[in-house]
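Asker: Please find one structure pasted underneath; my questions will follow.
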Amino acid sequence: MHQIDYLTIFVFTLIILGAGLSFGKQGGDMKSFFAAGGAVPWSISGLSLFMSFFSAGTFVVWGSIAYEWGWVAITIQMAMCISGFLIGKYLAPKWKQTRSITVAAYLTDRFGKKIQQYYTFIFLVLSLGYTGAFLYPVAKILNVVTGFDIYYAILLLGGMIMIYTAVGGLWAVIVTDVLQFVILTAAVLIVLPLSLEKVGGINQFIAEAPDTFFNIFNGEYTFWFILAFVGYNTIFIGGNWAYVQRYTSVKDTASAKKVGYLFGILYLISPLIWMLPPMIYRVLDPSLVGLETEGAYLRMCMSVLPVGMLGLMLGGMIFATASSVNTSLNLAAAVLTNDVYQPLYPKASHKTLMKVARLATLLFGLGTIGVAFMVPLAGGIVEVVLSIGAVTGGALYAPAIWGLFSKRQTGYSILVVTSVSLVINVIFKFVSPTLLSFSLGRSSEMIVGVFLPIVLLAIYELYAMNKNIESAQYKRYALKAQPTQEELTESLTSGQNQNTYGYKVMGWAFISIALLFFALGLWGGGGGVYLFIMGLLILALGTYAVRYASNKAKAQVLK
């Protein structure tokens with residue numbers, strides 16, 4: 001990389017950190033820190049959800065699959081749009097109706113404290129695995145492009161993410177997600193035409209690609225895998241405690257629906273744009289094998305981007321992939337503070353709770369760093385992400401989702417379903433290959449992981465329906481006190497004030513990034529025109545956001 005690339009990364013890092021840390025004085029209470037005031041605009045929350053999920057594996061996990069298997073990586077990602085639409089229609093509004101800041105709080109209200117403690121323990125343990133798996137690709141990106149030692153990269157990046165998440169809370173997470181979305185969309189729209197030009201055009205790319213490269217299903221990624229993957233993502237995105245925050249932090253159920261719909265639309269459009277660069281690199285360099293394929297996306301960028309733009313792309317990739325980490329850190333801190341510490345010390349002041357929240361963020365972040373260190377020993381990031389998801393996703397999240405719609409499920413019934421599903425999945429994954437010389441393929445593993453808990457939940461539902469059983473826990477939950485109009489008005493006002501500040505921060509960050517694009521355009525060579533065009537678009541977006549925030553602030557003063 002050129003020195004200008006390193007300078008670009010440094011400047012971009014300062015912009016992101018500045019935006020995140022600027023919310024340090026905004027998150028002065030639990031609702032601000034963990035729910036961003038409870039009235040986040042649905043468009044911003046939807047983009048944040050997209051980036052939190054999208055960035056976890058796009059460049060490394062799906063980029064590796066795209067390089068090795070081709071079009072099926074696009075098939076897998078486009079299938080996620082179905083999950084987004086299902087969540088928007090059915091799950092997101094249901095979560096908003098619970099009026100709970102966290103899923104743990106909902107579990108306490110619906111199924112009781114003991115059940116909540118059980119799920120909290122499992123969630124926190126598994127979240128370390130997920131979050132560590134998300135931190136590893138961030139370090140991998142830095143390692144591939146700069147040669148910086150991957151373990152030092154994990155320490156450095158993990159430390160930065162912990163700091164701005166601990167200081168700024170959920171608004172810091174959401175705003176940095178939106179900035180990354182804009183940056184990476186602009187960057188990939190530059191990478192794609194340059195990549196096609198590098199390979200000699202679309203026709204040359206198609207002609208030189210492997211024979212099965214454009215098959216809709218390929219290798220172990222069969223139709224049944226895709227079907228199970230849709231079910232898995234509907235459960236995972238619709239029930240994962242971190243993602244549920246995106247549905248509960250908006251102002252009403254209509255906005256929650258739009259969060260899910262926006263996620264689905266973005267996954268209907270974006271996979272084709274995002275997955276072509278690593279596919280094109282397969283034609284340019286078919287020699288990558290094993291864990292080397294995890295760096296295919298970055299190698300494509302390194303071969304075509306103009307001076308400085310590679311640094312911006314790298315910075316965007318790093319912080320975008322990090323959005324999955326900061327989302328999980330904020331959620332884990334919310335659970336530890338609201339659902340573990342506060343019940344033990346109910347008289348704790350708001351100031352004490354905020355200290356605990358920030359300390360919990362840092363402690364969980366350290367655990368995440370430790371797990372990220374072990375990812376290479378587990379066979380690489382593709383194996384870790386898909387295996388953890390198949391084994392735990394349905395078992396952990398499906399029971400809570402089912403409880404949103406069922407009057408009959410009890411704490412005991414969902415506990416049994418989760419326990420039985422986890423035990424069976426673990427046996428198939430770790431025990432049977434050694435003792436019985438039998439293991440499930442990728443598709444079978446995903447199918448069992450997703451549909452086993454659903455079948456078990458359905459069996460109990462039919463049994464309770466036949467016996468005309470209605471859960472006493474549900475009856476108590478249904479009588480939960482509704483918020484007063486005064487409380488709703490106060491919450492909305494507080495949330496709107498934070499929204500105004502959020503737009504202001506995003507606006508000035510966009511303007512700063514636009515100026516960076518203009519500066520890079522001077523060294524862009526053939527890509528300079530693209531940089532200037534994207535810079536103008538981002539400048540217009542930033543100017544609009546600043547003016548919108550200013551007008552909103554004036555209107556609030558007049559009220």
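The way I read the labels, and the way they are meant: chains A, B, ... in the order of the structure tokens, residue 1 as the first residue of every chain, and ligand 1 as the first ligand shown, with later ones counted on from there.
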As an mmCIF file with N, CA, C and O atoms, in the first residue's frame, please: every residue in stretch 423-532 of chain A that DSSP puts in helix (DSSP H, G or I).
Answerer:
data_model
loop_
_atom_site.group_PDB
_atom_site.id
_atom_site.type_symbol
_atom_site.label_atom_id
_atom_site.label_comp_id
_atom_site.auth_asym_id
_atom_site.auth_seq_id
_atom_site.Cartn_x
_atom_site.Cartn_y
_atom_site.Cartn_z
ATOM 1 N N VAL A 423 -28.518 -30.134 22.694
ATOM 2 C CA VAL A 423 -27.838 -31.415 22.938
ATOM 3 C C VAL A 423 -27.750 -32.235 21.655
ATOM 4 O O VAL A 423 -26.683 -32.767 21.302
ATOM 5 N N ILE A 424 -28.858 -32.357 20.930
ATOM 6 C CA ILE A 424 -28.868 -33.136 19.687
ATOM 7 C C ILE A 424 -27.925 -32.529 18.651
ATOM 8 O O ILE A 424 -27.147 -33.240 17.989
ATOM 9 N N ASN A 425 -27.946 -31.203 18.500
ATOM 10 C CA ASN A 425 -27.070 -30.542 17.526
ATOM 11 C C ASN A 425 -25.602 -30.712 17.882
ATOM 12 O O ASN A 425 -24.757 -30.933 17.004
ATOM 13 N N VAL A 426 -25.281 -30.610 19.151
ATOM 14 C CA VAL A 426 -23.891 -30.795 19.591
ATOM 15 C C VAL A 426 -23.437 -32.237 19.354
ATOM 16 O O VAL A 426 -22.295 -32.485 18.935
ATOM 17 N N ILE A 427 -24.318 -33.197 19.598
ATOM 18 C CA ILE A 427 -23.967 -34.601 19.351
ATOM 19 C C ILE A 427 -23.642 -34.821 17.876
ATOM 20 O O ILE A 427 -22.629 -35.433 17.524
ATOM 21 N N PHE A 428 -24.515 -34.312 16.999
ATOM 22 C CA PHE A 428 -24.273 -34.467 15.567
ATOM 23 C C PHE A 428 -22.993 -33.767 15.121
ATOM 24 O O PHE A 428 -22.288 -34.250 14.232
ATOM 25 N N LYS A 429 -22.682 -32.620 15.737
ATOM 26 C CA LYS A 429 -21.535 -31.829 15.297
ATOM 27 C C LYS A 429 -20.210 -32.355 15.833
ATOM 28 O O LYS A 429 -19.213 -32.419 15.105
ATOM 29 N N PHE A 430 -20.188 -32.758 17.106
ATOM 30 C CA PHE A 430 -18.898 -33.064 17.729
ATOM 31 C C PHE A 430 -18.728 -34.523 18.165
ATOM 32 O O PHE A 430 -17.611 -35.016 18.207
ATOM 33 N N VAL A 431 -19.826 -35.213 18.500
ATOM 34 C CA VAL A 431 -19.699 -36.559 19.056
ATOM 35 C C VAL A 431 -19.776 -37.637 17.981
ATOM 36 O O VAL A 431 -18.902 -38.501 17.885
ATOM 37 N N SER A 432 -20.825 -37.590 17.159
ATOM 38 C CA SER A 432 -21.031 -38.664 16.171
ATOM 39 C C SER A 432 -19.897 -38.783 15.141
ATOM 40 O O SER A 432 -19.561 -39.899 14.742
ATOM 41 N N PRO A 433 -19.246 -37.675 14.698
ATOM 42 C CA PRO A 433 -18.136 -37.864 13.758
ATOM 43 C C PRO A 433 -16.984 -38.676 14.343
ATOM 44 O O PRO A 433 -16.299 -39.410 13.617
ATOM 45 N N THR A 434 -16.779 -38.573 15.664
ATOM 46 C CA THR A 434 -15.664 -39.283 16.299
ATOM 47 C C THR A 434 -16.049 -40.700 16.712
ATOM 48 O O THR A 434 -15.338 -41.663 16.401
ATOM 49 N N LEU A 435 -17.189 -40.825 17.389
ATOM 50 C CA LEU A 435 -17.573 -42.125 17.941
ATOM 51 C C LEU A 435 -18.308 -43.008 16.946
ATOM 52 O O LEU A 435 -18.178 -44.240 16.981
ATOM 53 N N ARG A 442 -23.266 -29.992 5.186
ATOM 54 C CA ARG A 442 -23.601 -28.600 5.460
ATOM 55 C C ARG A 442 -25.112 -28.369 5.415
ATOM 56 O O ARG A 442 -25.689 -27.720 6.296
ATOM 57 N N SER A 443 -25.783 -28.910 4.399
ATOM 58 C CA SER A 443 -27.224 -28.709 4.269
ATOM 59 C C SER A 443 -27.982 -29.394 5.394
ATOM 60 O O SER A 443 -28.878 -28.806 6.015
ATOM 61 N N SER A 444 -27.629 -30.660 5.675
ATOM 62 C CA SER A 444 -28.327 -31.413 6.723
ATOM 63 C C SER A 444 -28.123 -30.778 8.084
ATOM 64 O O SER A 444 -29.051 -30.710 8.900
ATOM 65 N N GLU A 445 -26.916 -30.286 8.334
ATOM 66 C CA GLU A 445 -26.612 -29.629 9.603
ATOM 67 C C GLU A 445 -27.490 -28.398 9.799
ATOM 68 O O GLU A 445 -28.048 -28.173 10.877
ATOM 69 N N MET A 446 -27.652 -27.630 8.725
ATOM 70 C CA MET A 446 -28.468 -26.418 8.816
ATOM 71 C C MET A 446 -29.943 -26.767 8.972
ATOM 72 O O MET A 446 -30.670 -26.130 9.756
ATOM 73 N N ILE A 447 -30.414 -27.778 8.244
ATOM 74 C CA ILE A 447 -31.822 -28.174 8.309
ATOM 75 C C ILE A 447 -32.185 -28.647 9.710
ATOM 76 O O ILE A 447 -33.201 -28.239 10.292
ATOM 77 N N VAL A 448 -31.362 -29.525 10.281
ATOM 78 C CA VAL A 448 -31.625 -30.035 11.628
ATOM 79 C C VAL A 448 -31.588 -28.897 12.647
ATOM 80 O O VAL A 448 -32.459 -28.788 13.520
ATOM 81 N N GLY A 449 -30.582 -28.024 12.540
ATOM 82 C CA GLY A 449 -30.439 -26.923 13.486
ATOM 83 C C GLY A 449 -31.612 -25.968 13.481
ATOM 84 O O GLY A 449 -32.023 -25.457 14.527
ATOM 85 N N VAL A 450 -32.202 -25.738 12.297
ATOM 86 C CA VAL A 450 -33.300 -24.778 12.179
ATOM 87 C C VAL A 450 -34.646 -25.396 12.525
ATOM 88 O O VAL A 450 -35.433 -24.835 13.300
ATOM 89 N N PHE A 451 -34.920 -26.573 11.950
ATOM 90 C CA PHE A 451 -36.285 -27.103 12.016
ATOM 91 C C PHE A 451 -36.549 -28.021 13.206
ATOM 92 O O PHE A 451 -37.712 -28.221 13.572
ATOM 93 N N LEU A 452 -35.519 -28.565 13.844
ATOM 94 C CA LEU A 452 -35.750 -29.415 15.016
ATOM 95 C C LEU A 452 -36.476 -28.660 16.134
ATOM 96 O O LEU A 452 -37.503 -29.133 16.641
ATOM 97 N N PRO A 453 -35.991 -27.478 16.555
ATOM 98 C CA PRO A 453 -36.722 -26.758 17.617
ATOM 99 C C PRO A 453 -38.125 -26.339 17.193
ATOM 100 O O PRO A 453 -39.047 -26.314 18.022
ATOM 101 N N ILE A 454 -38.319 -26.021 15.907
ATOM 102 C CA ILE A 454 -39.650 -25.647 15.436
ATOM 103 C C ILE A 454 -40.611 -26.819 15.553
ATOM 104 O O ILE A 454 -41.762 -26.670 15.992
ATOM 105 N N VAL A 455 -40.150 -28.012 15.175
ATOM 106 C CA VAL A 455 -40.979 -29.214 15.284
ATOM 107 C C VAL A 455 -41.333 -29.487 16.743
ATOM 108 O O VAL A 455 -42.492 -29.794 17.076
ATOM 109 N N LEU A 456 -40.349 -29.363 17.633
ATOM 110 C CA LEU A 456 -40.602 -29.620 19.054
ATOM 111 C C LEU A 456 -41.589 -28.606 19.638
ATOM 112 O O LEU A 456 -42.481 -28.964 20.422
ATOM 113 N N LEU A 457 -41.444 -27.342 19.259
ATOM 114 C CA LEU A 457 -42.378 -26.314 19.725
ATOM 115 C C LEU A 457 -43.790 -26.591 19.206
ATOM 116 O O LEU A 457 -44.781 -26.419 19.923
ATOM 117 N N ALA A 458 -43.879 -27.018 17.947
ATOM 118 C CA ALA A 458 -45.188 -27.305 17.357
ATOM 119 C C ALA A 458 -45.854 -28.493 18.052
ATOM 120 O O ALA A 458 -47.073 -28.485 18.259
ATOM 121 N N ILE A 459 -45.066 -29.500 18.411
ATOM 122 C CA ILE A 459 -45.613 -30.670 19.099
ATOM 123 C C ILE A 459 -46.239 -30.257 20.431
ATOM 124 O O ILE A 459 -47.366 -30.660 20.762
ATOM 125 N N TYR A 460 -45.524 -29.425 21.204
ATOM 126 C CA TYR A 460 -46.102 -28.980 22.487
ATOM 127 C C TYR A 460 -47.322 -28.098 22.262
ATOM 128 O O TYR A 460 -48.311 -28.185 23.000
ATOM 129 N N GLU A 461 -47.266 -27.249 21.238
ATOM 130 C CA GLU A 461 -48.394 -26.363 20.948
ATOM 131 C C GLU A 461 -49.661 -27.176 20.659
ATOM 132 O O GLU A 461 -50.751 -26.858 21.158
ATOM 133 N N LEU A 462 -49.520 -28.234 19.849
ATOM 134 C CA LEU A 462 -50.663 -29.084 19.519
ATOM 135 C C LEU A 462 -51.157 -29.839 20.751
ATOM 136 O O LEU A 462 -52.375 -29.995 20.946
ATOM 137 N N TYR A 463 -50.221 -30.292 21.586
ATOM 138 C CA TYR A 463 -50.596 -30.986 22.831
ATOM 139 C C TYR A 463 -51.391 -30.047 23.748
ATOM 140 O O TYR A 463 -52.469 -30.413 24.265
ATOM 141 N N ALA A 464 -50.880 -28.821 23.941
ATOM 142 C CA ALA A 464 -51.560 -27.858 24.818
ATOM 143 C C ALA A 464 -52.909 -27.445 24.237
ATOM 144 O O ALA A 464 -53.885 -27.232 24.975
ATOM 145 N N MET A 465 -52.976 -27.337 22.915
ATOM 146 C CA MET A 465 -54.237 -26.985 22.265
ATOM 147 C C MET A 465 -55.273 -28.091 22.475
ATOM 148 O O MET A 465 -56.450 -27.827 22.750
ATOM 149 N N ASN A 466 -54.826 -29.339 22.331
ATOM 150 C CA ASN A 466 -55.731 -30.485 22.524
ATOM 151 C C ASN A 466 -56.247 -30.560 23.958
ATOM 152 O O ASN A 466 -57.397 -30.931 24.209
ATOM 153 N N ALA A 472 -50.398 -19.859 32.437
ATOM 154 C CA ALA A 472 -50.650 -18.852 33.477
ATOM 155 C C ALA A 472 -49.658 -17.705 33.348
ATOM 156 O O ALA A 472 -49.977 -16.548 33.655
ATOM 157 N N GLN A 473 -48.447 -18.010 32.880
ATOM 158 C CA GLN A 473 -47.443 -16.962 32.672
ATOM 159 C C GLN A 473 -47.916 -15.976 31.601
ATOM 160 O O GLN A 473 -47.690 -14.767 31.707
ATOM 161 N N TYR A 474 -48.565 -16.488 30.555
ATOM 162 C CA TYR A 474 -49.058 -15.599 29.508
ATOM 163 C C TYR A 474 -50.163 -14.687 30.053
ATOM 164 O O TYR A 474 -50.228 -13.506 29.704
ATOM 165 N N LYS A 475 -51.042 -15.249 30.875
ATOM 166 C CA LYS A 475 -52.131 -14.453 31.444
ATOM 167 C C LYS A 475 -51.584 -13.282 32.256
ATOM 168 O O LYS A 475 -52.090 -12.164 32.181
ATOM 169 N N ARG A 476 -50.524 -13.546 33.043
ATOM 170 C CA ARG A 476 -49.908 -12.460 33.823
ATOM 171 C C ARG A 476 -49.251 -11.437 32.887
ATOM 172 O O ARG A 476 -49.325 -10.231 33.108
ATOM 173 N N TYR A 477 -48.603 -11.947 31.830
ATOM 174 C CA TYR A 477 -47.933 -11.071 30.873
ATOM 175 C C TYR A 477 -48.943 -10.160 30.159
ATOM 176 O O TYR A 477 -48.682 -8.978 29.923
ATOM 177 N N ALA A 478 -50.110 -10.711 29.826
ATOM 178 C CA ALA A 478 -51.138 -9.945 29.125
ATOM 179 C C ALA A 478 -51.681 -8.799 29.971
ATOM 180 O O ALA A 478 -52.184 -7.805 29.436
ATOM 181 N N GLN A 485 -50.014 8.039 28.612
ATOM 182 C CA GLN A 485 -49.787 8.947 27.497
ATOM 183 C C GLN A 485 -48.665 9.922 27.821
ATOM 184 O O GLN A 485 -47.876 10.298 26.950
ATOM 185 N N GLU A 486 -48.571 10.311 29.088
ATOM 186 C CA GLU A 486 -47.509 11.230 29.509
ATOM 187 C C GLU A 486 -46.140 10.579 29.334
ATOM 188 O O GLU A 486 -45.189 11.215 28.863
ATOM 189 N N GLU A 487 -46.046 9.291 29.700
ATOM 190 C CA GLU A 487 -44.771 8.575 29.542
ATOM 191 C C GLU A 487 -44.408 8.425 28.075
ATOM 192 O O GLU A 487 -43.246 8.581 27.692
ATOM 193 N N LEU A 488 -45.408 8.138 27.234
ATOM 194 C CA LEU A 488 -45.153 7.998 25.809
ATOM 195 C C LEU A 488 -44.678 9.318 25.201
ATOM 196 O O LEU A 488 -43.743 9.347 24.393
ATOM 197 N N THR A 489 -45.315 10.412 25.594
ATOM 198 C CA THR A 489 -44.947 11.728 25.073
ATOM 199 C C THR A 489 -43.531 12.115 25.499
ATOM 200 O O THR A 489 -42.728 12.615 24.700
ATOM 201 N N GLU A 490 -43.207 11.852 26.778
ATOM 202 C CA GLU A 490 -41.869 12.175 27.300
ATOM 203 C C GLU A 490 -40.799 11.366 26.566
ATOM 204 O O GLU A 490 -39.744 11.883 26.205
ATOM 205 N N SER A 491 -41.084 10.078 26.339
ATOM 206 C CA SER A 491 -40.137 9.221 25.643
ATOM 207 C C SER A 491 -39.907 9.694 24.217
ATOM 208 O O SER A 491 -38.780 9.753 23.731
ATOM 209 N N LEU A 492 -41.020 10.053 23.527
ATOM 210 C CA LEU A 492 -40.905 10.489 22.146
ATOM 211 C C LEU A 492 -40.116 11.790 22.041
ATOM 212 O O LEU A 492 -39.284 11.966 21.155
ATOM 213 N N THR A 493 -40.362 12.720 22.969
ATOM 214 C CA THR A 493 -39.640 13.997 22.958
ATOM 215 C C THR A 493 -38.150 13.793 23.156
ATOM 216 O O THR A 493 -37.314 14.378 22.452
ATOM 217 N N SER A 494 -37.798 12.945 24.141
ATOM 218 C CA SER A 494 -36.389 12.652 24.403
ATOM 219 C C SER A 494 -35.732 12.008 23.188
ATOM 220 O O SER A 494 -34.621 12.359 22.796
ATOM 221 N N GLY A 495 -36.466 11.079 22.571
ATOM 222 C CA GLY A 495 -35.926 10.400 21.394
ATOM 223 C C GLY A 495 -35.725 11.349 20.229
ATOM 224 O O GLY A 495 -34.723 11.268 19.519
ATOM 225 N N GLN A 496 -36.664 12.284 20.018
ATOM 226 C CA GLN A 496 -36.544 13.221 18.913
ATOM 227 C C GLN A 496 -35.334 14.132 19.091
ATOM 228 O O GLN A 496 -34.662 14.491 18.120
ATOM 229 N N ASN A 497 -35.055 14.537 20.339
ATOM 230 C CA ASN A 497 -33.878 15.368 20.595
ATOM 231 C C ASN A 497 -32.598 14.633 20.208
ATOM 232 O O ASN A 497 -31.684 15.213 19.617
ATOM 233 N N GLN A 498 -32.528 13.338 20.557
ATOM 234 C CA GLN A 498 -31.350 12.549 20.195
ATOM 235 C C GLN A 498 -31.275 12.346 18.687
ATOM 236 O O GLN A 498 -30.179 12.337 18.106
ATOM 237 N N ASN A 499 -32.427 12.183 18.025
ATOM 238 C CA ASN A 499 -32.435 12.036 16.572
ATOM 239 C C ASN A 499 -31.832 13.261 15.898
ATOM 240 O O ASN A 499 -31.052 13.149 14.944
ATOM 241 N N THR A 500 -32.226 14.443 16.385
ATOM 242 C CA THR A 500 -31.706 15.690 15.807
ATOM 243 C C THR A 500 -30.189 15.745 15.922
ATOM 244 O O THR A 500 -29.485 16.088 14.964
ATOM 245 N N TYR A 501 -29.685 15.385 17.110
ATOM 246 C CA TYR A 501 -28.236 15.382 17.295
ATOM 247 C C TYR A 501 -27.581 14.341 16.395
ATOM 248 O O TYR A 501 -26.504 14.585 15.830
ATOM 249 N N GLY A 502 -28.223 13.186 16.249
ATOM 250 C CA GLY A 502 -27.674 12.136 15.394
ATOM 251 C C GLY A 502 -27.550 12.575 13.949
ATOM 252 O O GLY A 502 -26.538 12.325 13.290
ATOM 253 N N TYR A 503 -28.591 13.246 13.420
ATOM 254 C CA TYR A 503 -28.529 13.759 12.047
ATOM 255 C C TYR A 503 -27.393 14.773 11.891
ATOM 256 O O TYR A 503 -26.699 14.804 10.872
ATOM 257 N N LYS A 504 -27.217 15.604 12.912
ATOM 258 C CA LYS A 504 -26.153 16.614 12.854
ATOM 259 C C LYS A 504 -24.778 15.960 12.777
ATOM 260 O O LYS A 504 -23.936 16.343 11.944
ATOM 261 N N VAL A 505 -24.545 14.964 13.620
ATOM 262 C CA VAL A 505 -23.256 14.261 13.621
ATOM 263 C C VAL A 505 -23.026 13.576 12.276
ATOM 264 O O VAL A 505 -21.940 13.668 11.687
ATOM 265 N N MET A 506 -24.049 12.877 11.771
ATOM 266 C CA MET A 506 -23.910 12.197 10.481
ATOM 267 C C MET A 506 -23.629 13.195 9.358
ATOM 268 O O MET A 506 -22.795 12.945 8.479
ATOM 269 N N GLY A 507 -24.319 14.318 9.389
ATOM 270 C CA GLY A 507 -24.134 15.313 8.339
ATOM 271 C C GLY A 507 -22.705 15.812 8.257
ATOM 272 O O GLY A 507 -22.103 15.819 7.176
ATOM 273 N N TRP A 508 -22.145 16.220 9.398
ATOM 274 C CA TRP A 508 -20.773 16.724 9.383
ATOM 275 C C TRP A 508 -19.771 15.620 9.060
ATOM 276 O O TRP A 508 -18.743 15.867 8.418
ATOM 277 N N ALA A 509 -20.066 14.385 9.481
ATOM 278 C CA ALA A 509 -19.183 13.266 9.127
ATOM 279 C C ALA A 509 -19.206 13.025 7.621
ATOM 280 O O ALA A 509 -18.153 12.791 7.004
ATOM 281 N N PHE A 510 -20.392 13.101 7.004
ATOM 282 C CA PHE A 510 -20.486 12.933 5.553
ATOM 283 C C PHE A 510 -19.714 14.030 4.815
ATOM 284 O O PHE A 510 -19.038 13.764 3.820
ATOM 285 N N ILE A 511 -19.836 15.253 5.298
ATOM 286 C CA ILE A 511 -19.109 16.363 4.666
ATOM 287 C C ILE A 511 -17.599 16.130 4.758
ATOM 288 O O ILE A 511 -16.853 16.346 3.789
ATOM 289 N N SER A 512 -17.136 15.670 5.915
ATOM 290 C CA SER A 512 -15.705 15.375 6.082
ATOM 291 C C SER A 512 -15.261 14.274 5.129
ATOM 292 O O SER A 512 -14.177 14.345 4.519
ATOM 293 N N ILE A 513 -16.099 13.236 4.987
ATOM 294 C CA ILE A 513 -15.754 12.121 4.099
ATOM 295 C C ILE A 513 -15.766 12.579 2.634
ATOM 296 O O ILE A 513 -14.921 12.155 1.830
ATOM 297 N N ALA A 514 -16.706 13.458 2.280
ATOM 298 C CA ALA A 514 -16.748 13.987 0.912
ATOM 299 C C ALA A 514 -15.461 14.739 0.585
ATOM 300 O O ALA A 514 -14.898 14.592 -0.514
ATOM 301 N N LEU A 515 -14.996 15.554 1.528
ATOM 302 C CA LEU A 515 -13.733 16.276 1.322
ATOM 303 C C LEU A 515 -12.575 15.305 1.139
ATOM 304 O O LEU A 515 -11.656 15.539 0.337
ATOM 305 N N LEU A 516 -12.621 14.176 1.871
ATOM 306 C CA LEU A 516 -11.596 13.151 1.724
ATOM 307 C C LEU A 516 -11.644 12.549 0.320
ATOM 308 O O LEU A 516 -10.605 12.319 -0.308
ATOM 309 N N PHE A 517 -12.850 12.316 -0.201
ATOM 310 C CA PHE A 517 -12.993 11.805 -1.570
ATOM 311 C C PHE A 517 -12.402 12.782 -2.579
ATOM 312 O O PHE A 517 -11.716 12.376 -3.528
ATOM 313 N N PHE A 518 -12.685 14.076 -2.394
ATOM 314 C CA PHE A 518 -12.154 15.076 -3.323
ATOM 315 C C PHE A 518 -10.623 15.081 -3.306
ATOM 316 O O PHE A 518 -9.978 15.159 -4.360
ATOM 317 N N ALA A 519 -10.061 14.995 -2.091
ATOM 318 C CA ALA A 519 -8.605 14.984 -1.975
ATOM 319 C C ALA A 519 -8.015 13.757 -2.666
ATOM 320 O O ALA A 519 -7.001 13.848 -3.380
ATOM 321 N N LEU A 520 -8.650 12.604 -2.476
ATOM 322 C CA LEU A 520 -8.148 11.373 -3.094
ATOM 323 C C LEU A 520 -8.299 11.410 -4.610
ATOM 324 O O LEU A 520 -7.515 10.783 -5.333
ATOM 325 N N GLY A 521 -9.305 12.150 -5.094
ATOM 326 C CA GLY A 521 -9.513 12.257 -6.529
ATOM 327 C C GLY A 521 -8.326 12.875 -7.251
ATOM 328 O O GLY A 521 -8.092 12.614 -8.432
ATOM 329 N N GLY A 525 -5.916 9.042 -10.634
ATOM 330 C CA GLY A 525 -5.641 8.562 -11.974
ATOM 331 C C GLY A 525 -6.933 8.341 -12.740
ATOM 332 O O GLY A 525 -7.825 9.188 -12.769
ATOM 333 N N GLY A 526 -7.049 7.140 -13.337
ATOM 334 C CA GLY A 526 -8.242 6.812 -14.100
ATOM 335 C C GLY A 526 -9.490 6.719 -13.251
ATOM 336 O O GLY A 526 -10.605 6.855 -13.753
ATOM 337 N N GLY A 527 -9.306 6.478 -11.948
ATOM 338 C CA GLY A 527 -10.461 6.367 -11.057
ATOM 339 C C GLY A 527 -10.849 7.685 -10.420
ATOM 340 O O GLY A 527 -11.785 7.719 -9.616
ATOM 341 N N GLY A 528 -10.128 8.766 -10.766
ATOM 342 C CA GLY A 528 -10.401 10.059 -10.148
ATOM 343 C C GLY A 528 -11.799 10.573 -10.413
ATOM 344 O O GLY A 528 -12.429 11.189 -9.545
ATOM 345 N N VAL A 529 -12.308 10.320 -11.625
ATOM 346 C CA VAL A 529 -13.652 10.782 -11.972
ATOM 347 C C VAL A 529 -14.688 10.151 -11.056
ATOM 348 O O VAL A 529 -15.613 10.815 -10.565
ATOM 349 N N TYR A 530 -14.534 8.822 -10.817
ATOM 350 C CA TYR A 530 -15.466 8.131 -9.909
ATOM 351 C C TYR A 530 -15.427 8.751 -8.517
ATOM 352 O O TYR A 530 -16.458 8.916 -7.858
ATOM 353 N N LEU A 531 -14.227 9.070 -8.054
ATOM 354 C CA LEU A 531 -14.070 9.636 -6.710
ATOM 355 C C LEU A 531 -14.757 10.984 -6.588
ATOM 356 O O LEU A 531 -15.421 11.266 -5.589
ATOM 357 N N PHE A 532 -14.608 11.835 -7.609
ATOM 358 C CA PHE A 532 -15.237 13.158 -7.568
ATOM 359 C C PHE A 532 -16.765 13.032 -7.605
ATOM 360 O O PHE A 532 -17.482 13.753 -6.892
#
Asker: Tell me which protein, DNA and RNA residues are within 9 Å of A:Tyr221, counting only C-alpha atoms, leaving out same-chain ones fewer than 2 positions away, and put them as a PyMOL selection string.
Answerer: chain A and resi 69+72-73+76+217-219+223-226+442-443
Asker: Set the distance at 7 Å and use only C-alpha atoms: which residues neighbour A:Thr361 once local chain neighbours fewer than 2 positions away are removed? I'd like the list as a ChimeraX atom specification.
Answerer: /A:162,166,329-330,333,357-359,363-365
Asker: Dump as a Markdown table the rows for residues of stretch 73-129 of chain A within 12 Å of stretch 43-52 of chain A: closest atom pair and distance in Å with one decimal, only C-alpha atoms counted, ordered by chain and rising residue number.
Answerer:
| residue | atom | partner | partner_atom | distance |
| --- | --- | --- | --- | --- |
| A:Gln77 | CA | A:Phe50 | CA | 11.9 |
| A:Met80 | CA | A:Phe50 | CA | 10.6 |
| A:Cys81 | CA | A:Phe50 | CA | 10.6 |
| A:Gly84 | CA | A:Phe50 | CA | 9.6 |
| A:Ile87 | CA | A:Gly46 | CA | 11.9 |
| A:Gly88 | CA | A:Gly46 | CA | 10.4 |
| A:Ala92 | CA | A:Gly46 | CA | 11.2 |
Asker: Fewer than 2 positions away in the same chain doesn't count, so skip those; otherwise give me all residues within 8 Å of A:Gly129, counting only C-alpha atoms, as a PyMOL selection string.
Answerer: chain A and resi 125-127+131-133+368+371+388
Asker: If we count only C-alpha atoms, what is near stretch 336-346 of chain A at a cut-off of 9 Å, once residues fewer than 6 positions away on the same chain are taken out, given as JSON, numbers by chain?
Answerer: {"A": [30, 101, 102, 104, 105, 108, 116, 117, 120, 124, 353, 354, 356, 357, 360]}
Asker: Looking at A:Leu196, A:Val173, A:Leu522, A:Ala334, which one is nearest to A:Leu284, with distances taken over only C-alpha atoms?
Answerer: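 With only C-alpha atoms as the atom set, the closest residue is A:Leu196.
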